[in-house]
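What follows is a set of notes on a single structure, which appears directly below.
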Amino acid sequence: MEAIKGRGAISGAASARFNLPAREADGDWLDVAETVDGPVRHPATTVTEEHPRSILSFNKSPDVPFDRSINAYRGCEHGCIYCFARPTHAYHDLSPGLDFETKLFAKPTAAKLLRETLAKPGYKPAPIAMGTNTDPYQPIETRYHITREVLELCLDVRHPVTITTKSDRVLRDLDLLERLAAHNLVHVGISVTSLDPVLSQKLEPRAASPAKRMAALGRLVAAGVPAHVSIAPVIPSINDSFMEAILEDAATRGVRSASWIVIRLPHEVAPLFREWLDAHFPQRAGKVIATIRSIRGGRDNDPNFVTRMRPEGVWADLFRRRFRVAATRLGITGPHVALDCTRFRRPSLDGQLSLL
C-alpha cells in the first residue's frame with residue numbers, strides 16, 4: 001500500500017472487534033465511479049456535531065496524573081499514525097484508520113455541560129485535563145472554539161486545567177492562558193516527537209511542524225504560562241535519536257519541565273502502524289516492531305495499569321537513562337503540576353457565581 005498525502009493511516013478498514021457487520025464497497029460501482037464522478041480524490045474531512053448528556057469524564061487509573069478530563073472532539077485531523085485513541089472510532093462502527101482522521105465529531109455544548117457539572121453542590125475541584133484522547137487544538141478548533149469556551153469558563157470560576165497539544169494553535173488563547181497562569185490555574189504541555197519536519201510530516205501529517213511547536217513553548221514561557229515538553233511517543237529506530245536535541249532546544253527557550261512516553265500499540269493501532277512502517281520505512285520495519293515487542297513483554301501492547309506506562313527491557317532502560325542524563329544536565333525536572341484548587345467559585349446555571 002502507498003501512503004496517502006496529508007493522511008497518516010494507509011487504509012480505512014472498519015474494525016471487526018465488536019462483531020459488527022463487515023462493509024465492502026460495490027465492485028461494479030467502483031468500475032464506473034471515476035467515469036461518473038471524476039478522478040478519485042483524497043478523503044475529505046467531515047464534522048458531525050454531537051450533543052452528549054455530560055462532558056466531564058472521570059477515571060481511577062493509577063498511572064495517569066489526573067482523575068477527570070474533557071475531550072471536546074472525537075477523532076483527530078492531525079492524523080498521528082501512532083495515536084492510541086484511534087480504536088475509539090470502532091465504537092461508532094468507523095475505521096480507526098482513515099475514518100479517525102477524516103470523520104470527526106465536535107461537542108459544541110461542552111462549556112454549557114461543564115457549567116452544569118461544576119454547579120452541582122457535591123462537586124469538588126481538581127485539575128481538568130484536556131487533550132488526553134484527541135487534540136483540543138486540532139484544525140477544527142478554529143471553527144468551533146470549544147476549547148476556548150471551556151477555558152473561558154475555567155477562568156470565570158477559577159478552576160484549574162491542564163492542556164496537552166501538538167499545535168501552536170494554543171497561542172490563539174494566550175490571553176486566557178496568561179490570566180489563568182496568574183492564578184496558578186493552568187499548565188500547558190506540547191508534544192514534540194522530532195525536530196525533523198520531513199519525519200514529522202510522515203508521523204503527524206496535519207500537526208504543526210516541530211519548529212512551530214518549539215516556538216510555541218518559548219512564547220508560553222515568555223508569557224509566564226507554565227510549559228512542559230513531552231517527547232511522546234518515543235519510537236525505537238524512528239525518532240528516539242531526537243531525545244537529547246528536543247530537550248536542549250526546549251531548555252534554551254526556558255522550559256524546565258519534560259517527560260517521555262514510549263509508543264503504545266493497542267488494538268487496531270498495531271496493524272495500522274505496521275502498514276505505515278511498510279510504506280515509509282520498509283527496511284527498518286522488522287527491527288522497529290521487534291524492539292517495541294521487547295519493550296512490551298513480547299507483545300505489541302501491554303494494556304495493564306502501571307506497567308503500560310513503565311516499559312521494560314534493555315531498550316527501555318537505555319531511553320530512561322538517556323533522558324535522565326540529558327534532563328539533569330539541562331536543569332529540567334519532571335512534570336510536577338501543583339495547580340491551585342482553592343480559588344474555585346461554584347457557578348449557578350444562570351451564569352452567576354456563588355458568593356460562598
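Simple scheme: letters A, B, ... for chains in C-alpha cells order, numbers from 1 for residues in each chain, numbers from 1 for ligands in the order shown.
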Counting only C-alpha atoms, which residues of range 193-270 of chain A fall within 12 Å of range 93-103 of chain A, and what is the closest atom pair for each with its distance in Å at one decimal, ordered by chain and rising number, as a tab-separated table?
residue	atom	partner	partner_atom	distance
A:Glu204	CA	A:Glu101	CA	10.8
A:Pro205	CA	A:Glu101	CA	10.3
A:Arg206	CA	A:Glu101	CA	9.6
A:Ala207	CA	A:Glu101	CA	11.5
A:Pro266	CA	A:Pro96	CA	11.2
A:His267	CA	A:Pro96	CA	9.6
A:Glu268	CA	A:Pro96	CA	6.7
A:Val269	CA	A:Pro96	CA	7.6
A:Ala270	CA	A:Pro96	CA	10.8
Shell around range 337-347 of chain A at 10 Å using only C-alpha atoms, local window under 2 positions removed, as a PyMOL selection string: chain A and resi 65+115-121+123-127+153-162+181+183-187+226+228+257+334-335+349-356
Keeping C-alpha atoms for every residue in the selection just given, could you write it to a file as a PDB file, in the first residue's frame?
ATOM      1  CA  PRO A  65      -1.748  12.241  36.808  1.00  0.00           C
ATOM      2  CA  ARG A 115     -21.013  24.571  33.875  1.00  0.00           C
ATOM      3  CA  GLU A 116     -23.857  22.247  34.867  1.00  0.00           C
ATOM      4  CA  THR A 117     -21.387  19.804  36.410  1.00  0.00           C
ATOM      5  CA  LEU A 118     -19.420  22.473  38.264  1.00  0.00           C
ATOM      6  CA  ALA A 119     -22.641  23.928  39.644  1.00  0.00           C
ATOM      7  CA  LYS A 120     -23.585  20.704  41.444  1.00  0.00           C
ATOM      8  CA  PRO A 121     -23.361  21.083  45.241  1.00  0.00           C
ATOM      9  CA  TYR A 123     -18.644  18.819  43.035  1.00  0.00           C
ATOM     10  CA  LYS A 124     -15.057  19.056  44.335  1.00  0.00           C
ATOM     11  CA  PRO A 125     -12.471  20.763  42.099  1.00  0.00           C
ATOM     12  CA  ALA A 126      -9.316  19.093  40.789  1.00  0.00           C
ATOM     13  CA  PRO A 127      -7.388  19.829  37.562  1.00  0.00           C
ATOM     14  CA  LEU A 153     -15.445  29.090  31.946  1.00  0.00           C
ATOM     15  CA  CYS A 154     -12.447  27.770  33.891  1.00  0.00           C
ATOM     16  CA  LEU A 155     -11.124  31.304  34.217  1.00  0.00           C
ATOM     17  CA  ASP A 156     -14.533  32.598  35.247  1.00  0.00           C
ATOM     18  CA  VAL A 157     -14.955  30.048  38.024  1.00  0.00           C
ATOM     19  CA  ARG A 158     -11.218  29.773  38.852  1.00  0.00           C
ATOM     20  CA  HIS A 159     -10.997  26.079  38.030  1.00  0.00           C
ATOM     21  CA  PRO A 160      -7.555  24.518  37.317  1.00  0.00           C
ATOM     22  CA  VAL A 161      -6.970  22.955  33.881  1.00  0.00           C
ATOM     23  CA  THR A 162      -4.127  21.219  32.062  1.00  0.00           C
ATOM     24  CA  ALA A 181      -1.490  31.324  34.907  1.00  0.00           C
ATOM     25  CA  HIS A 183      -3.949  32.485  39.384  1.00  0.00           C
ATOM     26  CA  ASN A 184      -1.887  29.265  39.108  1.00  0.00           C
ATOM     27  CA  LEU A 185      -4.712  27.551  37.270  1.00  0.00           C
ATOM     28  CA  VAL A 186      -3.102  26.206  34.073  1.00  0.00           C
ATOM     29  CA  HIS A 187      -0.269  24.027  32.816  1.00  0.00           C
ATOM     30  CA  PRO A 226       3.896  27.015  32.879  1.00  0.00           C
ATOM     31  CA  HIS A 228       6.068  21.346  29.505  1.00  0.00           C
ATOM     32  CA  SER A 257       9.594  20.527  32.694  1.00  0.00           C
ATOM     33  CA  GLY A 334       9.719  16.161  35.884  1.00  0.00           C
ATOM     34  CA  PRO A 335       6.137  17.207  35.100  1.00  0.00           C
ATOM     35  CA  LEU A 349     -26.863  27.616  35.989  1.00  0.00           C
ATOM     36  CA  ASP A 350     -27.913  31.166  35.133  1.00  0.00           C
ATOM     37  CA  GLY A 351     -24.271  32.151  34.720  1.00  0.00           C
ATOM     38  CA  GLN A 352     -23.848  33.821  38.090  1.00  0.00           C
ATOM     39  CA  LEU A 353     -21.110  32.850  40.559  1.00  0.00           C
ATOM     40  CA  SER A 354     -21.675  31.646  44.085  1.00  0.00           C
ATOM     41  CA  LEU A 355     -20.672  34.085  46.838  1.00  0.00           C
ATOM     42  CA  LEU A 356     -19.697  31.144  49.076  1.00  0.00           C
TER      43      LEU A 356
END
With distances taken over only C-alpha atoms, which residue among A:Val255, A:Arg321, A:Pro282, A:Leu151 lies nearest Glu2 in chain A?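 Once distances to Glu2 in chain A are computed over only C-alpha atoms, the minimum belongs to A:Pro282.
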Choose the residue, out of A:Gly131, A:Gly8, A:Gly224, A:Ser191, that has the smallest atom-to-atom separation from Glu178 in chain A; count only C-alpha atoms.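 Counting only C-alpha atoms, the residue closest to Glu178 in chain A is A:Gly224.
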Mind checking DSSP for range 137-273 of chain A and telling me the strand (DSSP E) residues as a list in words?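 Everything in range 137-273 of chain A that counts as strand (DSSP E) is Val161, Thr162, Ile163, Thr164, Thr165, Val186, His187, Val188, Gly189, Ile190, Ser191, Ala227, His228, Val229, Ser230, Ile231, Ala232, Pro233, Val234, Ala258, Ser259, Trp260, Ile261 and Val262 of chain A.
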Which of these, A:Ile263, A:Ile231, A:Val225, A:Ala129, has the shortest distance to Phe66 in chain A once you count only C-alpha atoms?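 Among the listed residues, the smallest separation from Phe66 in chain A belongs to A:Ala129.
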Write out as JSON, numbers by chain the residues lying within 8 Å of Gly189 in chain A, counting only C-alpha atoms and excluding same-chain residues fewer than 3 positions away. {"A": [162, 163, 164, 165, 227, 228, 229, 230]}
Could you pull the residues within 7 Å of Ile332 in chain A, counting only C-alpha atoms, minus those fewer than 3 positions along the same chain, as a PyMOL selection string? chain A and resi 256-258+327-328
Output of the above residues as a compact mmCIF listing (two decimals), in the first residue's frame, restricted to C-alpha atoms:
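File written: part.txt
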# COMPACT_ATOMS: atom_id res chain seq x y z
CA ARG A 256 12.10 23.39 32.74
CA SER A 257 9.59 20.53 32.69
CA ALA A 258 9.72 17.45 30.44
CA ALA A 327 17.46 16.42 31.68
CA THR A 328 19.82 16.62 34.64
When distances are computed from only C-alpha atoms, which of A:Ala90, A:Val198, A:Val150, A:Ile246 shows the smallest separation from Ser15 in chain A?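 Among the listed residues, the smallest separation from Ser15 in chain A belongs to A:Ala90.
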